[in-house]
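input_5.txt, holding compact mmCIF, C-alpha atoms and all ligand atoms:
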```txt
# COMPACT_ATOMS: atom_id res chain seq x y z
CA MET A 159 15.15 15.24 2.59
CA ALA A 160 13.62 17.27 -0.25
CA LEU A 161 14.67 20.92 -0.31
CA THR A 162 12.19 23.77 0.05
CA GLY A 163 11.79 26.47 -2.60
CA ILE A 164 13.79 28.93 -0.51
CA GLU A 165 16.62 26.42 -0.02
CA ILE A 166 16.74 25.82 -3.78
CA PHE A 167 16.63 29.58 -4.44
CA LYS A 168 19.77 30.03 -2.32
CA LEU A 169 21.61 27.66 -4.68
CA LEU A 170 20.62 29.51 -7.88
CA PRO A 171 22.66 32.31 -9.58
CA LYS A 172 20.02 34.91 -8.54
CA THR A 173 20.46 37.01 -11.71
CA ASN A 174 16.78 36.87 -12.69
CA CYS A 175 17.94 36.53 -16.30
CA LYS A 176 14.69 34.72 -17.31
CA LYS A 177 16.49 32.16 -19.50
CA CYS A 178 14.60 29.40 -17.67
CA GLY A 179 11.28 30.86 -18.80
CA PHE A 180 10.40 32.24 -15.36
CA PRO A 181 10.46 35.93 -14.41
CA THR A 182 12.68 35.41 -11.34
CA CYS A 183 14.99 32.83 -9.83
CA LEU A 184 12.60 32.57 -6.87
CA ALA A 185 9.64 31.70 -9.10
CA PHE A 186 11.76 29.05 -10.80
CA ALA A 187 12.94 27.65 -7.44
CA MET A 188 9.34 27.28 -6.24
CA LYS A 189 8.44 25.27 -9.34
CA VAL A 190 11.50 23.04 -8.92
CA ALA A 191 10.52 22.39 -5.28
CA GLN A 192 7.03 21.38 -6.41
CA GLY A 193 8.56 18.96 -8.92
CA GLN A 194 6.95 20.79 -11.84
CA VAL A 195 10.17 21.69 -13.67
CA GLN A 196 13.68 20.28 -13.80
CA ILE A 197 16.69 22.15 -12.46
CA GLU A 198 18.40 21.65 -15.87
CA GLN A 199 16.05 24.33 -17.23
CA CYS A 200 18.39 26.91 -15.71
CA PRO A 201 21.46 26.89 -17.99
CA ASP A 202 23.64 28.68 -15.45
CA VAL A 203 23.30 26.33 -12.52
CA SER A 204 26.50 24.46 -11.58
CA GLU A 205 27.02 20.68 -11.75
CA GLU A 206 27.61 20.72 -8.01
CA VAL A 207 24.16 22.18 -7.37
CA LYS A 208 22.55 19.70 -9.77
CA THR A 209 24.13 16.81 -7.85
CA LYS A 210 23.04 18.29 -4.53
CA LEU A 211 19.44 18.64 -5.71
CA LYS A 212 19.39 15.15 -7.15
CA GLU A 213 20.62 13.72 -3.85
CA ALA A 214 18.05 15.74 -1.93
CA ALA A 215 15.26 14.40 -4.14
CA THR A 216 16.27 10.76 -3.60
CA PRO A 217 14.15 9.07 -0.90
CA PRO A 218 16.27 8.28 2.17
CA ILE A 219 15.09 4.67 2.16
CA LYS A 220 16.34 2.93 -0.98
CA GLY A 221 13.53 1.69 -3.19
CA PHE A 222 13.69 -1.28 -5.54
CA GLU A 223 11.61 -4.10 -6.97
CA PHE A 224 11.77 -7.82 -6.56
CA GLY A 225 9.57 -10.70 -7.71
CA SER A 226 8.78 -12.51 -10.92
CA GLU A 227 8.45 -10.96 -14.37
CA ASN A 228 4.67 -10.70 -14.00
CA GLN A 229 4.45 -10.03 -10.26
CA ARG A 230 6.85 -7.30 -9.25
CA ILE A 231 6.74 -5.81 -5.76
CA LYS A 232 8.21 -2.43 -4.89
CA ILE A 233 9.63 -1.88 -1.42
CA GLY A 234 11.37 1.09 0.20
CA ASP A 235 11.26 4.64 -1.20
CA GLU A 236 9.88 5.87 2.12
CA THR A 237 10.41 9.49 3.08
CA VAL A 238 8.92 10.17 6.52
CA LEU A 239 9.02 9.07 10.14
CA PHE A 240 5.32 9.59 10.78
CA ARG A 241 2.56 8.75 8.35
CA HIS A 242 0.75 12.06 8.95
CA GLU A 243 3.81 14.01 7.70
CA LYS A 244 3.06 12.80 4.17
CA LYS A 245 2.24 9.12 3.74
CA PHE A 246 3.90 5.70 3.69
CA TYR A 247 4.30 4.61 0.10
CA ASN A 248 5.02 0.91 -0.43
CA PRO A 249 2.96 -1.42 1.77
CA THR A 250 4.64 -4.05 3.91
CA VAL A 251 5.05 -7.31 2.01
CA LEU A 252 3.65 -10.28 3.91
CA ALA A 253 5.55 -13.51 3.17
CA LEU A 254 4.98 -17.07 4.33
CA GLN A 255 8.06 -18.99 5.41
CA ILE A 256 8.33 -22.48 3.98
CA SER A 257 11.24 -24.79 4.83
CA ASP A 258 12.77 -26.84 2.03
CA VAL A 259 12.34 -29.93 4.26
CA ASP A 260 8.65 -29.23 4.86
CA GLU A 261 6.45 -32.16 3.85
CA ASN A 262 3.47 -29.92 3.15
CA ILE A 263 4.90 -27.50 0.62
CA ASP A 264 2.01 -27.96 -1.85
CA LYS A 265 -0.55 -27.32 0.87
CA LYS A 266 1.23 -24.19 2.07
CA VAL A 267 1.52 -22.78 -1.43
CA ASP A 268 -2.22 -23.35 -1.86
CA GLU A 269 -2.81 -21.45 1.36
CA VAL A 270 -0.82 -18.52 0.01
CA LEU A 271 -2.74 -18.57 -3.26
CA ASN A 272 -6.08 -18.76 -1.42
CA SER A 273 -5.27 -16.01 1.08
CA GLN A 274 -6.78 -13.29 -1.10
CA ILE A 275 -9.67 -11.19 0.21
CA GLU A 276 -11.29 -7.98 -1.01
CA ARG A 277 -11.71 -5.03 1.35
CA VAL A 278 -12.77 -1.51 0.36
CA GLU A 279 -12.25 -2.49 -3.26
CA GLN A 280 -8.65 -3.52 -2.72
CA ILE A 281 -7.29 -7.04 -3.11
CA LEU A 282 -5.40 -8.03 0.05
CA LYS A 283 -3.25 -11.15 0.22
CA ILE A 284 -0.09 -12.87 1.34
CA ASP A 285 2.32 -11.54 -1.26
CA ALA A 286 5.40 -13.71 -1.26
CA ILE A 287 7.08 -16.92 -0.12
CA PHE A 288 10.28 -17.07 1.91
CA LEU A 289 11.88 -20.42 1.04
CA LYS A 290 14.40 -21.40 3.68
CA ASN A 291 17.32 -23.68 2.88
CA GLU A 292 17.01 -25.54 6.17
CA SER A 293 18.46 -28.74 4.73
CA GLY A 294 21.72 -27.07 3.74
CA ASN A 295 21.43 -29.20 0.61
CA LEU A 296 21.18 -27.95 -2.97
CA GLU A 297 19.04 -30.79 -4.30
CA VAL A 298 16.52 -30.59 -1.48
CA PHE A 299 16.22 -26.83 -1.97
CA SER A 300 15.87 -27.17 -5.74
CA ARG A 301 13.11 -29.78 -5.36
CA ALA A 302 11.23 -27.53 -2.93
CA LEU A 303 11.62 -24.58 -5.30
CA GLU A 304 10.31 -26.64 -8.20
CA LYS A 305 7.25 -27.64 -6.18
CA ILE A 306 6.50 -23.99 -5.43
CA ARG A 307 7.00 -22.90 -9.01
CA ASN A 308 4.83 -25.72 -10.37
CA LYS A 309 1.95 -24.40 -8.31
CA ALA A 310 2.70 -20.68 -8.31
CA SER A 311 5.12 -19.84 -11.09
CA GLN A 312 4.78 -16.08 -10.58
CA ILE A 313 4.81 -15.77 -6.79
CA PRO A 314 7.56 -13.38 -5.61
CA LEU A 315 10.27 -15.31 -3.77
CA ILE A 316 12.84 -14.68 -1.08
CA PHE A 317 15.55 -17.33 -0.82
CA GLY A 318 16.89 -17.93 2.67
CA ILE A 319 20.28 -19.36 1.75
CA SER A 320 23.48 -18.78 3.71
CA SER A 321 25.75 -20.99 1.61
CA PRO A 322 27.30 -18.95 -1.24
CA LYS A 323 27.82 -22.15 -3.23
CA ILE A 324 24.14 -23.18 -3.03
CA ALA A 325 23.01 -19.60 -3.68
CA SER A 326 25.14 -19.46 -6.79
CA TYR A 327 23.77 -22.74 -8.19
CA VAL A 328 20.18 -21.80 -7.43
CA LEU A 329 20.41 -18.36 -9.05
CA GLU A 330 22.23 -19.74 -12.08
CA GLY A 331 19.20 -21.93 -12.82
CA PHE A 332 16.56 -19.39 -11.82
CA LYS A 333 15.24 -17.47 -14.79
CA ASN A 334 12.04 -15.81 -13.66
CA GLY A 335 12.59 -12.33 -12.33
CA ARG A 336 14.37 -11.13 -9.26
CA PRO A 337 14.21 -13.04 -5.97
CA ILE A 338 15.80 -11.62 -2.83
CA LEU A 339 18.84 -13.54 -1.67
CA TYR A 340 18.56 -13.40 2.12
CA GLY A 341 21.77 -14.68 3.61
CA ALA A 342 24.58 -12.10 3.94
CA THR A 343 26.02 -12.59 7.42
CA GLU A 344 29.19 -11.29 9.06
CA GLU A 345 30.93 -14.46 7.90
CA ASN A 346 29.90 -14.67 4.25
CA PHE A 347 28.78 -11.23 3.08
CA SER A 348 31.65 -10.67 0.65
CA ASP A 349 30.88 -13.91 -1.22
CA ILE A 350 27.12 -13.30 -1.16
CA ALA A 351 27.70 -9.78 -2.47
CA GLU A 352 29.64 -11.12 -5.45
CA ILE A 353 26.81 -13.54 -6.26
CA ALA A 354 24.17 -10.83 -5.88
CA LYS A 355 26.08 -8.61 -8.28
CA ARG A 356 26.51 -11.42 -10.79
CA TYR A 357 22.79 -12.23 -10.86
CA ASN A 358 21.51 -8.73 -10.11
CA VAL A 359 19.39 -9.72 -7.12
CA PRO A 360 18.74 -7.82 -3.87
CA VAL A 361 20.51 -9.09 -0.76
CA GLY A 362 19.18 -9.69 2.73
CA VAL A 363 21.70 -8.62 5.37
CA ILE A 364 21.54 -10.42 8.73
CA ALA A 365 23.33 -9.41 11.92
CA LYS A 366 22.44 -9.05 15.57
CA GLY A 367 21.75 -5.39 16.20
CA VAL A 368 21.90 -2.13 14.26
CA GLU A 369 25.67 -1.59 14.57
CA LYS A 370 26.62 -4.94 13.08
CA VAL A 371 24.13 -4.47 10.24
CA PHE A 372 25.62 -1.02 9.64
CA PHE A 373 29.10 -2.48 9.25
CA ILE A 374 27.94 -4.98 6.59
CA THR A 375 25.75 -2.57 4.61
CA GLU A 376 28.46 0.08 4.59
CA THR A 377 30.90 -2.46 3.14
CA LEU A 378 28.39 -3.76 0.59
CA ARG A 379 27.62 -0.22 -0.55
CA THR A 380 31.27 0.37 -1.31
CA LYS A 381 31.27 -2.85 -3.34
CA GLY A 382 28.40 -1.49 -5.41
CA VAL A 383 25.64 -3.70 -3.97
CA GLU A 384 22.83 -1.23 -3.38
CA ASP A 385 19.58 -3.21 -3.26
CA LEU A 386 19.57 -4.47 0.31
CA VAL A 387 17.05 -5.48 2.95
CA ILE A 388 18.26 -5.47 6.52
CA ASP A 389 17.49 -7.68 9.50
CA THR A 390 18.74 -6.80 12.99
CA GLN A 391 17.20 -10.02 14.35
CA PRO A 392 14.97 -8.55 17.05
CA GLN A 393 13.60 -11.21 19.36
CA THR A 394 10.82 -9.26 21.02
CA ALA A 395 8.29 -6.65 19.93
CA ALA A 396 10.15 -4.09 22.07
CA GLU A 397 13.46 -4.84 20.32
CA LEU A 398 11.75 -4.67 16.94
CA LEU A 399 10.24 -1.27 17.72
CA ARG A 400 13.58 0.02 19.03
CA ASP A 401 15.71 -1.21 16.11
CA ASN A 402 13.29 -0.16 13.39
CA THR A 403 12.87 3.30 14.89
CA ILE A 404 16.65 3.80 15.19
CA ILE A 405 17.08 2.70 11.57
CA ARG A 406 14.34 4.96 10.17
CA ARG A 407 15.49 7.99 12.19
CA ALA A 408 19.11 7.48 11.14
CA ALA A 409 18.14 7.01 7.48
CA LEU A 410 16.13 10.23 7.52
CA LYS A 411 19.11 12.04 9.00
CA GLY A 412 21.19 10.92 6.03
CA VAL A 413 22.91 7.76 7.35
CA LYS A 414 23.02 5.99 4.02
CA ALA A 415 24.19 2.64 5.39
CA LEU A 416 20.86 2.32 7.20
CA GLY A 417 18.69 3.70 4.39
CA TYR A 418 17.35 0.31 3.34
CA PRO A 419 14.04 -1.56 3.65
CA ILE A 420 13.77 -3.76 6.75
CA ILE A 421 12.83 -7.44 6.76
CA THR A 422 11.28 -8.76 9.98
CA PHE A 423 10.87 -12.38 10.98
CA ALA A 424 7.68 -12.35 13.01
CA ASN A 425 7.35 -16.15 13.01
CA ARG A 426 6.98 -17.52 16.52
CA ASP A 427 5.53 -20.67 18.08
CA ASP A 428 2.89 -18.53 19.74
CA GLU A 429 0.49 -17.31 17.03
CA PHE A 430 -0.67 -14.40 19.17
CA TYR A 431 2.86 -13.14 19.74
CA GLU A 432 3.62 -13.63 16.06
CA THR A 433 0.63 -11.41 15.26
CA VAL A 434 1.93 -8.78 17.70
CA MET A 435 5.40 -8.87 16.11
CA ALA A 436 3.95 -8.62 12.61
CA SER A 437 1.68 -5.75 13.68
CA VAL A 438 4.58 -3.78 15.15
CA GLY A 439 6.50 -4.42 11.94
CA ILE A 440 3.65 -3.08 9.81
CA LEU A 441 3.18 -0.06 12.08
CA LYS A 442 6.85 0.75 12.37
CA TYR A 443 8.78 0.52 9.15
CA SER A 444 9.19 -3.16 8.23
CA SER A 445 9.02 -3.49 4.45
CA ILE A 446 8.78 -7.28 4.60
CA VAL A 447 7.25 -9.36 7.40
CA VAL A 448 7.77 -13.11 7.35
CA LEU A 449 5.10 -15.33 8.92
CA SER A 450 5.08 -18.98 10.00
CA SER A 451 1.52 -19.78 9.01
CA ILE A 452 -1.57 -18.51 7.31
CA LEU A 453 -4.64 -18.20 9.48
CA LYS A 454 -7.76 -16.29 8.52
CA TRP A 455 -8.01 -14.34 11.76
CA LYS A 456 -4.32 -13.42 11.62
CA ASN A 457 -4.62 -12.38 7.97
CA LEU A 458 -7.62 -10.22 8.76
CA ILE A 459 -5.76 -8.31 11.48
CA LEU A 460 -2.62 -7.83 9.40
CA PHE A 461 -4.35 -7.04 6.11
CA THR A 462 -6.61 -4.45 7.74
CA LEU A 463 -3.77 -2.84 9.66
CA ARG A 464 -1.57 -2.69 6.57
CA GLN A 465 -4.34 -1.27 4.41
CA ASN A 466 -5.04 1.49 6.91
CA ILE A 467 -1.41 2.40 7.61
CA TYR A 468 -0.59 2.60 3.93
CA SER A 469 -3.57 4.71 2.94
CA ASP A 470 -3.03 8.41 2.33
CA PRO A 471 -4.07 10.30 5.51
CA GLN A 472 -5.09 13.28 3.39
CA ILE A 473 -7.49 11.22 1.29
CA PRO A 474 -10.44 9.62 3.09
CA MET A 475 -11.05 5.93 2.44
CA GLN A 476 -13.56 5.81 -0.34
CA VAL A 477 -15.38 3.44 -2.64
CA ARG A 478 -16.03 3.71 -6.36
CA GLN A 479 -19.06 5.62 -7.63
CA ASP A 480 -21.58 3.08 -8.87
CA ILE A 481 -25.04 1.59 -8.44
CA TYR A 482 -24.49 -1.37 -6.12
CA LYS A 483 -26.81 -4.31 -5.58
CA VAL A 484 -27.54 -5.23 -1.98
CA GLY A 485 -29.29 -8.61 -2.08
CA ASN A 486 -30.97 -9.29 -5.41
CA PRO A 487 -32.93 -6.12 -6.17
CA ASP A 488 -35.37 -5.95 -9.09
CA GLY A 489 -37.47 -3.26 -10.74
CA ASN A 490 -39.67 -2.84 -7.67
CA SER A 491 -36.82 -2.54 -5.17
CA PRO A 492 -36.02 0.74 -3.40
CA LEU A 493 -33.16 2.99 -4.51
CA ILE A 494 -31.08 4.65 -1.78
CA ILE A 495 -28.40 7.25 -2.46
CA THR A 496 -25.47 8.23 -0.27
CA THR A 497 -21.84 9.39 -0.56
CA ASN A 498 -18.73 7.33 -1.25
CA PHE A 499 -17.05 7.73 2.17
CA ALA A 500 -16.06 4.11 2.89
CA LEU A 501 -17.47 4.14 6.42
CA THR A 502 -20.80 5.52 5.20
CA TYR A 503 -20.93 2.89 2.47
CA PHE A 504 -20.27 0.00 4.86
CA LEU A 505 -22.71 1.24 7.50
CA VAL A 506 -25.52 1.81 4.99
CA LYS A 507 -24.86 -1.46 3.18
CA SER A 508 -24.82 -3.51 6.37
CA GLU A 509 -28.07 -1.93 7.63
CA ILE A 510 -29.73 -2.64 4.28
CA GLU A 511 -28.56 -6.24 4.64
CA ASN A 512 -30.04 -6.31 8.16
CA SER A 513 -33.37 -5.17 6.71
CA LYS A 514 -33.46 -8.19 4.35
CA VAL A 515 -34.95 -5.85 1.74
CA PRO A 516 -33.12 -6.18 -1.61
CA THR A 517 -32.09 -2.63 -2.51
CA TRP A 518 -30.26 -0.61 -5.15
CA LEU A 519 -27.56 1.46 -3.45
CA ALA A 520 -26.39 4.49 -5.41
CA ILE A 521 -22.92 5.51 -4.21
CA MET A 522 -21.98 8.96 -5.44
CA ASP A 523 -18.40 10.22 -5.71
CA CYS A 524 -18.02 13.02 -3.16
CA ASP A 525 -14.23 12.71 -2.72
CA GLY A 526 -14.76 10.30 0.17
CA LEU A 527 -16.65 12.80 2.34
CA SER A 528 -19.53 11.83 4.63
CA VAL A 529 -23.05 13.07 3.87
CA LEU A 530 -23.16 16.31 5.84
CA THR A 531 -19.56 17.26 5.06
CA ALA A 532 -20.11 16.58 1.36
CA TRP A 533 -23.31 18.63 1.41
CA ALA A 534 -21.52 21.53 3.18
CA ALA A 535 -18.73 21.35 0.59
CA GLY A 536 -21.23 21.48 -2.27
CA LYS A 537 -20.32 17.99 -3.44
CA PHE A 538 -23.63 16.33 -2.45
CA SER A 539 -25.86 18.98 -3.97
CA ALA A 540 -29.19 18.66 -5.77
CA SER A 541 -27.67 19.33 -9.19
CA ARG A 542 -24.81 16.85 -8.72
CA ILE A 543 -27.18 14.17 -7.39
CA ALA A 544 -29.52 14.72 -10.35
CA GLN A 545 -26.63 14.54 -12.80
CA PHE A 546 -25.32 11.30 -11.25
CA ILE A 547 -28.76 9.67 -11.29
CA LYS A 548 -29.26 10.63 -14.95
CA GLU A 549 -25.81 9.49 -16.06
CA SER A 550 -26.03 6.22 -14.12
CA GLU A 551 -29.18 5.31 -16.10
CA VAL A 552 -30.44 3.58 -12.97
CA GLU A 553 -33.98 4.28 -14.13
CA LYS A 554 -33.57 1.44 -16.63
CA LYS A 555 -33.37 -0.94 -13.68
CA LEU A 556 -36.52 0.42 -12.00
CA ASN A 557 -40.28 0.24 -12.53
CA ASN A 558 -40.72 3.39 -10.46
CA ARG A 559 -38.88 6.70 -10.20
CA GLU A 560 -38.30 6.98 -6.48
CA LEU A 561 -35.07 8.05 -4.84
CA ILE A 562 -34.45 7.77 -1.10
CA ILE A 563 -32.04 10.41 0.23
CA PRO A 564 -30.38 10.58 3.68
CA GLY A 565 -32.46 12.37 6.32
CA TYR A 566 -29.61 14.80 6.95
CA VAL A 567 -30.14 16.36 3.50
CA ALA A 568 -33.95 16.49 3.61
CA MET A 569 -33.66 20.13 2.50
CA LEU A 570 -32.53 18.91 -0.96
CA LYS A 571 -35.84 17.09 -1.68
CA ALA A 572 -37.58 19.86 -3.65
CA ALA A 573 -34.44 20.91 -5.55
CA ILE A 574 -33.68 17.34 -6.63
CA GLU A 575 -37.29 16.84 -7.80
CA ASP A 576 -36.94 20.07 -9.80
CA LYS A 577 -33.83 18.79 -11.54
CA LEU A 578 -35.11 15.23 -11.99
CA PRO A 579 -38.53 15.64 -13.59
CA GLY A 580 -40.75 12.61 -13.04
CA TRP A 581 -38.88 11.47 -9.95
CA LYS A 582 -40.22 11.41 -6.42
CA VAL A 583 -37.68 12.03 -3.68
CA ILE A 584 -38.32 10.32 -0.35
CA VAL A 585 -36.50 11.43 2.78
CA GLY A 586 -34.92 8.46 4.56
CA PRO A 587 -33.65 8.21 8.12
CA LYS A 588 -30.84 10.42 9.40
CA GLU A 589 -28.88 7.56 10.90
CA ALA A 590 -28.03 4.30 9.15
CA SER A 591 -29.46 2.42 12.15
CA GLY A 592 -32.93 3.61 11.09
CA ILE A 593 -32.67 1.97 7.67
CA PRO A 594 -34.09 -1.52 8.47
CA THR A 595 -37.34 -0.13 9.93
CA PHE A 596 -37.59 2.46 7.19
CA LEU A 597 -37.14 -0.09 4.38
CA ARG A 598 -39.60 -2.57 5.85
CA ASN A 599 -42.23 0.19 6.14
CA TYR A 600 -41.42 1.34 2.60
CA ILE A 601 -41.99 -2.16 1.18
CA ARG A 602 -45.18 -2.58 3.26
CA SER A 603 -46.53 0.71 1.87
CA LYS A 604 -46.22 -0.68 -1.66
CA HIS A 605 -48.49 -3.66 -1.02
S1 LIG A 701 17.72 30.91 -15.79
FE1 LIG A 701 18.59 30.51 -13.79
S2 LIG A 701 19.55 32.43 -13.24
FE2 LIG A 701 18.16 32.91 -14.90
S3 LIG A 701 16.22 33.46 -13.90
FE3 LIG A 701 16.11 31.30 -14.30
S4 LIG A 701 16.85 30.37 -12.43
FE4 LIG A 701 17.51 32.49 -12.36
```
If you convert what's in this file into structure tokens, what do you get?
Ligand code: SF4
Amino acid sequence: MALTGIEIFKLLPKTNCKKCGFPTCLAFAMKVAQGQVQIEQCPDVSEEVKTKLKEAATPPIKGFEFGSENQRIKIGDETVLFRHEKKFYNPTVLALQISDVDENIDKKVDEVLNSQIERVEQILKIDAIFLKNESGNLEVFSRALEKIRNKASQIPLIFGISSPKIASYVLEGFKNGRPILYGATEENFSDIAEIAKRYNVPVGVIAKGVEKVFFITETLRTKGVEDLVIDTQPQTAAELLRDNTIIRRAALKGVKALGYPIITFANRDDEFYETVMASVGILKYSSIVVLSSILKWKNLILFTLRQNIYSDPQIPMQVRQDIYKVGNPDGNSPLIITTNFALTYFLVKSEIENSKVPTWLAIMDCDGLSVLTAWAAGKFSASRIAQFIKESEVEKKLNNRELIIPGYVAMLKAAIEDKLPGWKVIVGPKEASGIPTFLRNYIRSKH
């Protein structure tokens, strides 16, 4: 866990000699705690203290990258038990499992490539493929791998191989990036560790239960294999929740052998239960969740959950400032302005769509605050609205100079008109639900 300023201060020489450029050791310690200066700036601090501070600054869950040269994915580097304490950093990777004996490999790879959707201006998709060596045969696995790479040369890969011999052959011929080698069991982990070191790939550790995983990871750590993902093989959602919570709590308390990203196999025959397993994994600390299939409804649940869990709780969901088209607006279409709080944007946009009136929607950056909050904070003020409208040059798109503002800020009408000469400000409805009627009446009034 990161040290506080006071904890760092206690480790300093406390001579207030000013050689670090700060008037006191305490002032220096506060800056170190905030990450604004390096401890090396104090020439009198001991090597022991430097090491202690470095260790304290290292996230308790080991972070590393895997994937192809052009599609790297970072996992781990997490620092908290609860999202509201800070935030969760690296979103859960969703991977589709494909068996090397599967007859529909091409189709499944296409499904992965076509899984992409856009939500709140983020691209959400299935991120990786877990290729399982079900055949136990090198040639079969190599053919399956070739099929995947022919279709998706850059897709991040996890190899499910338990045979050290096959793993060694496969990695010897694999030259694009860093796949995860998932296959270190109680029986083979020493051999797998040697291969992982030789080819510099992360290792997936598999054992039933936290204690057995601990034993393997502790041994691998001493052998210098540090990039690990761990799988305690939970069978039910309750076991998954229990194991993942134990692992995260232990890691935060400094148990290094459990300070690794978790891989969870959610794949089940029952799609609903698979979705429950995957959801628990996303909610509670799984860095990788492996799925059996790609279904739109399942994707939607998991993508949305992941996006929300991995957003910063201190920063409201927001959309980019811009003039958006709803329908196909032209020079005679109305112009509505509101703030960039994501919920406000979606509500207003969907009600404009309901109205069937093509409209220009001006979304103004108010740090993701809703209309009244942004107004109270001085971020949705007459001068800022006027400045945005001028800088956006939206008037080039319009035959008129009319701006519709939310009913909640009707008091801004006169001030905006003052700051936007030639413009007429029209007060719209307070609630988004009033937009369809308002817009239809607005269009009618023009004819
Ligand atoms: S150089 Fe070190 S000892 Fe001197 S004031 Fe700065 S922190 Fe304190």
Find the nearest atom pair between each residue of segment 389-465 of chain A and segment 275-299 of chain A for residues within 8 Å, count all atoms listed in the file, give distances in Å to one decimal, sort rows by chain and ascending number, and present the table as CSV.
```
residue,atom,partner,partner_atom,distance
A:Val448,CA,A:Phe288,CA,7.2
A:Asn457,CA,A:Lys283,CA,8.0
A:Phe461,CA,A:Leu282,CA,6.2
```
Practice problem: May I have the residues at most 12 Å from (1.8, -8.6, 3.9) in the file's coordinates, counting all atoms listed in the file, as a ChimeraX atom specification? | Solution: /A:231,233,248-254,270,273-274,281-287,421-422,424,433,436-437,439-441,444-449,452,456-465,468
With C-alpha atoms retained, export the selected residues as an mmCIF file, in the coordinates of the input.
```
data_model
loop_
_atom_site.group_PDB
_atom_site.id
_atom_site.type_symbol
_atom_site.label_atom_id
_atom_site.label_comp_id
_atom_site.auth_asym_id
_atom_site.auth_seq_id
_atom_site.Cartn_x
_atom_site.Cartn_y
_atom_site.Cartn_z
ATOM 1 C CA ILE A 231 6.740 -5.810 -5.760
ATOM 2 C CA ILE A 233 9.630 -1.880 -1.420
ATOM 3 C CA ASN A 248 5.020 0.910 -0.430
ATOM 4 C CA PRO A 249 2.960 -1.420 1.770
ATOM 5 C CA THR A 250 4.640 -4.050 3.910
ATOM 6 C CA VAL A 251 5.050 -7.310 2.010
ATOM 7 C CA LEU A 252 3.650 -10.280 3.910
ATOM 8 C CA ALA A 253 5.550 -13.510 3.170
ATOM 9 C CA LEU A 254 4.980 -17.070 4.330
ATOM 10 C CA VAL A 270 -0.820 -18.520 0.010
ATOM 11 C CA SER A 273 -5.270 -16.010 1.080
ATOM 12 C CA GLN A 274 -6.780 -13.290 -1.100
ATOM 13 C CA ILE A 281 -7.290 -7.040 -3.110
ATOM 14 C CA LEU A 282 -5.400 -8.030 0.050
ATOM 15 C CA LYS A 283 -3.250 -11.150 0.220
ATOM 16 C CA ILE A 284 -0.090 -12.870 1.340
ATOM 17 C CA ASP A 285 2.320 -11.540 -1.260
ATOM 18 C CA ALA A 286 5.400 -13.710 -1.260
ATOM 19 C CA ILE A 287 7.080 -16.920 -0.120
ATOM 20 C CA ILE A 421 12.830 -7.440 6.760
ATOM 21 C CA THR A 422 11.280 -8.760 9.980
ATOM 22 C CA ALA A 424 7.680 -12.350 13.010
ATOM 23 C CA THR A 433 0.630 -11.410 15.260
ATOM 24 C CA ALA A 436 3.950 -8.620 12.610
ATOM 25 C CA SER A 437 1.680 -5.750 13.680
ATOM 26 C CA GLY A 439 6.500 -4.420 11.940
ATOM 27 C CA ILE A 440 3.650 -3.080 9.810
ATOM 28 C CA LEU A 441 3.180 -0.060 12.080
ATOM 29 C CA SER A 444 9.190 -3.160 8.230
ATOM 30 C CA SER A 445 9.020 -3.490 4.450
ATOM 31 C CA ILE A 446 8.780 -7.280 4.600
ATOM 32 C CA VAL A 447 7.250 -9.360 7.400
ATOM 33 C CA VAL A 448 7.770 -13.110 7.350
ATOM 34 C CA LEU A 449 5.100 -15.330 8.920
ATOM 35 C CA ILE A 452 -1.570 -18.510 7.310
ATOM 36 C CA LYS A 456 -4.320 -13.420 11.620
ATOM 37 C CA ASN A 457 -4.620 -12.380 7.970
ATOM 38 C CA LEU A 458 -7.620 -10.220 8.760
ATOM 39 C CA ILE A 459 -5.760 -8.310 11.480
ATOM 40 C CA LEU A 460 -2.620 -7.830 9.400
ATOM 41 C CA PHE A 461 -4.350 -7.040 6.110
ATOM 42 C CA THR A 462 -6.610 -4.450 7.740
ATOM 43 C CA LEU A 463 -3.770 -2.840 9.660
ATOM 44 C CA ARG A 464 -1.570 -2.690 6.570
ATOM 45 C CA GLN A 465 -4.340 -1.270 4.410
ATOM 46 C CA TYR A 468 -0.590 2.600 3.930
#
```
Exercise. Please measure the separation of atom CA of Lys588 of chain A and atom CA of Thr496 of chain A, giving the value in Å to one decimal.
Key: 11.3 Å
Please find the residues contacting ligand LIG 701 (chain A) at a distance of at most 6 Å between atoms, with only C-alpha atoms and all ligand atoms counted, and report them as a PDB file with C-alpha atoms, in the frame of the given file.
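Output saved as result_16.pdb:
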```
ATOM      1  CA  LEU A 170      20.620  29.510  -7.880  1.00  0.00           C
ATOM      2  CA  PRO A 171      22.660  32.310  -9.580  1.00  0.00           C
ATOM      3  CA  LYS A 172      20.020  34.910  -8.540  1.00  0.00           C
ATOM      4  CA  THR A 173      20.460  37.010 -11.710  1.00  0.00           C
ATOM      5  CA  ASN A 174      16.780  36.870 -12.690  1.00  0.00           C
ATOM      6  CA  CYS A 175      17.940  36.530 -16.300  1.00  0.00           C
ATOM      7  CA  LYS A 176      14.690  34.720 -17.310  1.00  0.00           C
ATOM      8  CA  LYS A 177      16.490  32.160 -19.500  1.00  0.00           C
ATOM      9  CA  CYS A 178      14.600  29.400 -17.670  1.00  0.00           C
ATOM     10  CA  PHE A 180      10.400  32.240 -15.360  1.00  0.00           C
ATOM     11  CA  THR A 182      12.680  35.410 -11.340  1.00  0.00           C
ATOM     12  CA  CYS A 183      14.990  32.830  -9.830  1.00  0.00           C
ATOM     13  CA  PHE A 186      11.760  29.050 -10.800  1.00  0.00           C
ATOM     14  CA  CYS A 200      18.390  26.910 -15.710  1.00  0.00           C
ATOM     15  CA  PRO A 201      21.460  26.890 -17.990  1.00  0.00           C
ATOM     16  CA  ASP A 202      23.640  28.680 -15.450  1.00  0.00           C
TER      17      ASP A 202
END
```
